[in-house]
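The next block holds one structure in the form of structure tokens; read it before the comments.
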Amino acid sequence: MSCHVLSLYYGFILSPHLPKSRLPAIKVKYLLLAWLGILIASWVLYMQYASYAELCRGHVCHMVICDHYRRGIISGSSCKALCDQRTLNLQRCMSTSSTHQVYSGLWKERPVVIKCGIEDPVKTDGAPDSVLRQEMTLFDKPTRGTSMDEFKEMLHGFLKANLGEQPSLNTLVDRVIALADVNQDGKVSLAEAKSIWALLQINEFLLMVALQEKEHTPKLLGFCGDLYVTERVGHSSLYRLEVPHYLQALVPETLSASLNHWLAPAWPRRARITIGLLEFVEEVFHGSYGSFLICDASPHHVGYNSKYDCKMANLRSVASEAVVRGFLRGRRCETNADCTYGRDCTATCDRLVKQCNTEVVQPNLAKVCVLLQDFLLFGAPSDLRGDLEKQLRTCVTLSGLASQMEVHHSLVLNNLKTLLWKKISNTQYS
């Protein structure tokens with residue numbers, strides 16, 4: 001008995017020393033994991049900094065615009081606030097391209113978005129004066145001595161080339177002239193004319209002027225030279241989580257999709273956003289100034305405000321049908337891929353004559369319905385899901401051929417809107 005007790009006693013004393021042989025291995029494992037975590041975090045921070053340094057060049061944009069303004073080359077309703085009073089400030093960088101600067105800011109205590117184009121740094125020697133020299137070519141028209149009638153003719157010819165022959169072009173010319181007349185003296189100075197001409201070369205600005213009375217287009221608030229200020233859209237994407245490009249290889253697509261579904265608004269609110277997006281498709285189809293095509297139907301270009309009203313956060317991918325047809329007409333091709341304007345405005349290639357046809361295959365509504373299959377179906381009410389799936393399947397197969405464009409498209413679009421309105425009408429979400 002005593003021997004058994006002694007053996008237990010010595011076993012108890014010696015047992016604390018037994019795991020010590022395993023402790024170094026455990027410590028090394030956790031140390032390696034800690035170093036790996038530090039290494040990954042450092043790499044992410046470096047990539048974030050490198051991406052910011054490459055994409056965010058707002059200081060260059062500010063310097064160029066204000067230099068031109070002080071020299072009397074350009075004018076605009078935002079120039080004093082930007083360059084003299086400093087009440088319009090570039091705050092958070094939102095740029096996705098080094099040549100198209102996008103910043104959030106505040107102006108008159110109102111949240112705004114400030115956009116400005118600058119020369120690709122690769123094409124310049126990097127010195128500030130070289131950027132200024134490149135920017136000077138933007139403001140070379142109209143030249144000194146151009147009369148008001150001649151300037152109106154310039155505007156009419158430009159708008160006709162970019163929007164097609166429309167009966168209301170003269171109304172749009174008058175709208176542009178009124179916008180250019182910053183001091184509202186009934187005249188357009190050379191600096192005002194140069195500024196508005198440079199702005200019209202920016203596709204998004206031209207569309208904002210043409211669609212300014214439309215509900216789902218962000219409001220234009222001001223400009224200075226080729227910098228322009230718009231209202232800020234509360235949510236600038238359909239989805240809240242956007243994985244940076246340098247992390248996309250590490251983060252599984254299913255994980256990011258699941259997180260976006262979890263973070264998305266409630267289904268009735270998504271239905272309200274969807275109705276607004278469908279209304280935008282209606283607005284740009286056979287509008288006052290022609291038809292417009294969505295050439296990159298990305299969820300990152302569609303936003304919504306705090307009331308869950310759809311607002312197009314980015315119009316750079318929307319092009320007039322006249323411009324797309326002009327690009328495709330007579331274009332040499334081997335495959336359909338050679339007949340693509342933007343990201344996905346694709347026409348067929350006539351392989352006999354090796355030239356592109358001018359009709360885009362997939363219309364706006366079909367592209368939008370591809371987005372909605374992911375955005376709208378998850379979490380949909382069970383009594384609606386079957387009909388919704390059926391409507392969206394019909395929608396994504398729509399063709400861009402002229403024979404289908406009118407009645408069929410309108411029918412599909414109205415059926416979708418009616419289905420959604422019936423579900424959310426007479427509720428707090430309507």
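Lettering and numbering for the structure tokens are positional, with chains as A, B, ... in the shown order, residues counted from 1 in each chain, and ligands counted from 1 in the shown order.
By only C-alpha atoms, and with residues fewer than 2 positions from region 295-307 of chain A along its chain excluded, the set lying at most 6 Å from it is Val233, Gly234, His235, Ser236, Ser237, Leu238, Leu293, Asp309, Cys310, Lys311, Met312, Ala313, Asn314, Ser317, Val318, Gly342, Arg343, Asp344 and Cys345 of chain A.
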Please produce a file of the residues just selected, as a PDB file, in the first residue's frame, where the atoms kept are C-alpha atoms.
```
ATOM      1  CA  VAL A 233     -24.598  58.808 -53.727  1.00  0.00           C
ATOM      2  CA  GLY A 234     -24.846  57.329 -50.216  1.00  0.00           C
ATOM      3  CA  HIS A 235     -24.034  53.794 -51.377  1.00  0.00           C
ATOM      4  CA  SER A 236     -21.901  53.810 -54.524  1.00  0.00           C
ATOM      5  CA  SER A 237     -22.334  50.103 -55.268  1.00  0.00           C
ATOM      6  CA  LEU A 238     -25.075  47.466 -55.085  1.00  0.00           C
ATOM      7  CA  LEU A 293     -26.253  51.743 -74.042  1.00  0.00           C
ATOM      8  CA  ASP A 309     -33.761  55.073 -54.420  1.00  0.00           C
ATOM      9  CA  CYS A 310     -31.505  53.873 -57.229  1.00  0.00           C
ATOM     10  CA  LYS A 311     -28.843  56.349 -58.378  1.00  0.00           C
ATOM     11  CA  MET A 312     -26.248  55.594 -61.039  1.00  0.00           C
ATOM     12  CA  ALA A 313     -22.980  56.178 -59.208  1.00  0.00           C
ATOM     13  CA  ASN A 314     -20.879  55.963 -62.374  1.00  0.00           C
ATOM     14  CA  SER A 317     -19.688  53.116 -69.002  1.00  0.00           C
ATOM     15  CA  VAL A 318     -22.907  54.470 -70.558  1.00  0.00           C
ATOM     16  CA  GLY A 342     -16.321  49.262 -73.796  1.00  0.00           C
ATOM     17  CA  ARG A 343     -16.497  46.078 -71.760  1.00  0.00           C
ATOM     18  CA  ASP A 344     -19.574  44.326 -73.116  1.00  0.00           C
ATOM     19  CA  CYS A 345     -21.342  46.275 -75.886  1.00  0.00           C
TER      20      CYS A 345
END
```
request  = May I have all residues of region 65-276 of chain A that DSSP, computed from the backbone, assigns to helix (DSSP H, G or I), given as a ChimeraX atom specification?
outcome  = /A:65-70,79-84,121-123,128-139,148-163,169-180,190-200,203-210,245-247,253-263,267-276
request  = Using DSSP on the backbone coordinates, identify all residues within region 137-360 of chain A classified as strand (DSSP E); present the result as a ChimeraX atom specification.
outcome  = /A:220-224,227-231,292-294,302-304,310-312,318-320,340-341,345-350,355-360
With N, CA, C and O atoms retained, write the just-selected residues as a short mmCIF file (atom, residue, chain, number, x, y, z; two decimals), in the first residue's frame.
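The result, stored in result38.cif:
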```
data_model
loop_
_atom_site.label_atom_id
_atom_site.label_comp_id
_atom_site.auth_asym_id
_atom_site.auth_seq_id
_atom_site.Cartn_x
_atom_site.Cartn_y
_atom_site.Cartn_z
N LEU A 220 -25.64 67.38 -61.19
CA LEU A 220 -24.42 68.15 -61.40
C LEU A 220 -24.51 69.41 -60.56
O LEU A 220 -25.46 70.19 -60.69
N LEU A 221 -23.50 69.66 -59.69
CA LEU A 221 -23.56 70.79 -58.76
C LEU A 221 -22.64 71.94 -59.15
O LEU A 221 -22.87 73.08 -58.73
N GLY A 222 -21.60 71.66 -59.92
CA GLY A 222 -20.67 72.73 -60.30
C GLY A 222 -19.50 72.18 -61.08
O GLY A 222 -19.36 70.97 -61.28
N PHE A 223 -18.62 73.10 -61.53
CA PHE A 223 -17.44 72.69 -62.29
C PHE A 223 -16.40 73.79 -62.27
O PHE A 223 -16.69 74.94 -61.93
N CYS A 224 -15.18 73.43 -62.63
CA CYS A 224 -14.09 74.39 -62.80
C CYS A 224 -13.13 73.78 -63.81
O CYS A 224 -12.48 72.77 -63.53
N LEU A 227 -12.83 69.90 -64.24
CA LEU A 227 -13.19 69.27 -62.96
C LEU A 227 -14.67 69.55 -62.72
O LEU A 227 -15.15 70.67 -62.95
N TYR A 228 -15.41 68.53 -62.27
CA TYR A 228 -16.83 68.74 -62.02
C TYR A 228 -17.25 68.09 -60.70
O TYR A 228 -16.62 67.15 -60.22
N VAL A 229 -18.31 68.66 -60.12
CA VAL A 229 -18.78 68.26 -58.79
C VAL A 229 -20.21 67.74 -58.91
O VAL A 229 -21.06 68.38 -59.54
N THR A 230 -20.46 66.58 -58.33
CA THR A 230 -21.80 65.98 -58.35
C THR A 230 -22.26 65.68 -56.93
O THR A 230 -21.46 65.68 -55.99
N GLU A 231 -23.56 65.44 -56.79
CA GLU A 231 -24.05 64.98 -55.49
C GLU A 231 -23.44 63.62 -55.17
O GLU A 231 -23.15 62.83 -56.06
N PHE A 292 -29.27 55.29 -75.20
CA PHE A 292 -27.95 55.10 -74.59
C PHE A 292 -27.79 53.63 -74.21
O PHE A 292 -28.76 52.97 -73.82
N LEU A 293 -26.55 53.15 -74.33
CA LEU A 293 -26.25 51.74 -74.04
C LEU A 293 -25.35 51.63 -72.81
O LEU A 293 -24.39 52.40 -72.67
N ILE A 294 -25.68 50.69 -71.95
CA ILE A 294 -24.84 50.41 -70.78
C ILE A 294 -23.76 49.42 -71.23
O ILE A 294 -24.05 48.26 -71.52
N VAL A 302 -23.74 50.93 -59.99
CA VAL A 302 -25.13 51.19 -59.59
C VAL A 302 -25.16 51.41 -58.08
O VAL A 302 -24.70 50.56 -57.32
N GLY A 303 -25.70 52.56 -57.67
CA GLY A 303 -25.76 52.86 -56.24
C GLY A 303 -27.18 53.16 -55.80
O GLY A 303 -28.14 53.01 -56.56
N TYR A 304 -27.30 53.60 -54.55
CA TYR A 304 -28.61 53.98 -54.01
C TYR A 304 -28.40 54.90 -52.82
O TYR A 304 -27.34 54.91 -52.18
N CYS A 310 -32.66 54.18 -56.38
CA CYS A 310 -31.50 53.87 -57.23
C CYS A 310 -30.91 55.15 -57.81
O CYS A 310 -31.63 56.03 -58.30
N LYS A 311 -29.60 55.25 -57.76
CA LYS A 311 -28.84 56.35 -58.38
C LYS A 311 -27.63 55.74 -59.07
O LYS A 311 -26.89 54.95 -58.47
N MET A 312 -27.42 56.10 -60.32
CA MET A 312 -26.25 55.59 -61.04
C MET A 312 -25.00 56.30 -60.52
O MET A 312 -24.82 57.51 -60.75
N VAL A 318 -21.70 54.28 -69.74
CA VAL A 318 -22.91 54.47 -70.56
C VAL A 318 -22.53 55.31 -71.78
O VAL A 318 -21.92 56.37 -71.64
N ALA A 319 -22.89 54.82 -72.96
CA ALA A 319 -22.53 55.52 -74.21
C ALA A 319 -23.77 55.67 -75.08
O ALA A 319 -24.68 54.84 -75.02
N SER A 320 -23.79 56.72 -75.88
CA SER A 320 -24.92 56.90 -76.78
C SER A 320 -24.87 55.83 -77.88
O SER A 320 -23.80 55.38 -78.28
N THR A 340 -16.39 44.84 -80.03
CA THR A 340 -16.82 45.19 -78.67
C THR A 340 -16.44 46.62 -78.35
O THR A 340 -15.28 47.01 -78.47
N TYR A 341 -17.43 47.39 -77.92
CA TYR A 341 -17.21 48.75 -77.44
C TYR A 341 -17.30 48.73 -75.93
O TYR A 341 -18.24 48.17 -75.36
N CYS A 345 -20.43 45.91 -74.79
CA CYS A 345 -21.34 46.28 -75.89
C CYS A 345 -20.81 45.60 -77.15
O CYS A 345 -20.01 46.17 -77.90
N THR A 346 -21.25 44.36 -77.36
CA THR A 346 -20.69 43.51 -78.41
C THR A 346 -21.70 43.29 -79.54
O THR A 346 -22.87 43.00 -79.29
N ALA A 347 -21.21 43.44 -80.77
CA ALA A 347 -22.01 43.14 -81.96
C ALA A 347 -21.44 41.88 -82.61
O ALA A 347 -20.38 41.37 -82.21
N THR A 348 -22.13 41.37 -83.63
CA THR A 348 -21.63 40.19 -84.33
C THR A 348 -20.66 40.59 -85.43
O THR A 348 -20.73 41.70 -85.97
N CYS A 349 -19.78 39.67 -85.75
CA CYS A 349 -18.81 39.89 -86.84
C CYS A 349 -19.32 39.16 -88.09
O CYS A 349 -19.58 37.96 -88.05
N ASP A 350 -19.46 39.89 -89.17
CA ASP A 350 -19.82 39.29 -90.46
C ASP A 350 -18.53 38.72 -91.07
O ASP A 350 -17.69 39.45 -91.59
N GLN A 355 -16.32 42.36 -91.36
CA GLN A 355 -16.67 43.66 -90.79
C GLN A 355 -17.74 43.48 -89.72
O GLN A 355 -18.55 42.56 -89.79
N CYS A 356 -17.72 44.40 -88.74
CA CYS A 356 -18.69 44.32 -87.64
C CYS A 356 -20.06 44.81 -88.10
O CYS A 356 -20.17 45.78 -88.85
N ASN A 357 -21.10 44.13 -87.64
CA ASN A 357 -22.44 44.67 -87.76
C ASN A 357 -22.62 45.76 -86.69
O ASN A 357 -21.85 45.83 -85.73
N THR A 358 -23.62 46.59 -86.85
CA THR A 358 -23.75 47.74 -85.94
C THR A 358 -24.78 47.56 -84.84
O THR A 358 -24.93 48.43 -83.99
N GLU A 359 -25.49 46.43 -84.82
CA GLU A 359 -26.48 46.19 -83.77
C GLU A 359 -25.85 45.41 -82.61
O GLU A 359 -25.32 44.31 -82.80
N VAL A 360 -25.91 45.98 -81.41
CA VAL A 360 -25.38 45.31 -80.22
C VAL A 360 -26.28 44.12 -79.87
O VAL A 360 -27.51 44.22 -79.89
#
```
task = Extract, using only C-alpha atoms, all DNA, RNA and protein residues at most 8 Å from Leu106 (chain A), discarding same-chain residues fewer than 3 positions from it, and format them as a PyMOL selection string.
result = chain A and resi 87-91+109-112
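The shortest atom-to-atom distance to Asn162 (chain A), with only C-alpha atoms taken into account, belongs to A:Leu206 out of A:Arg57, A:Lys423, A:Val284, A:Leu206.
The residue that comes closest to Ser95 (chain A), out of A:Ile73, A:Ala264, A:Leu372, A:Cys56 and on the basis of only C-alpha atoms, is A:Cys56.
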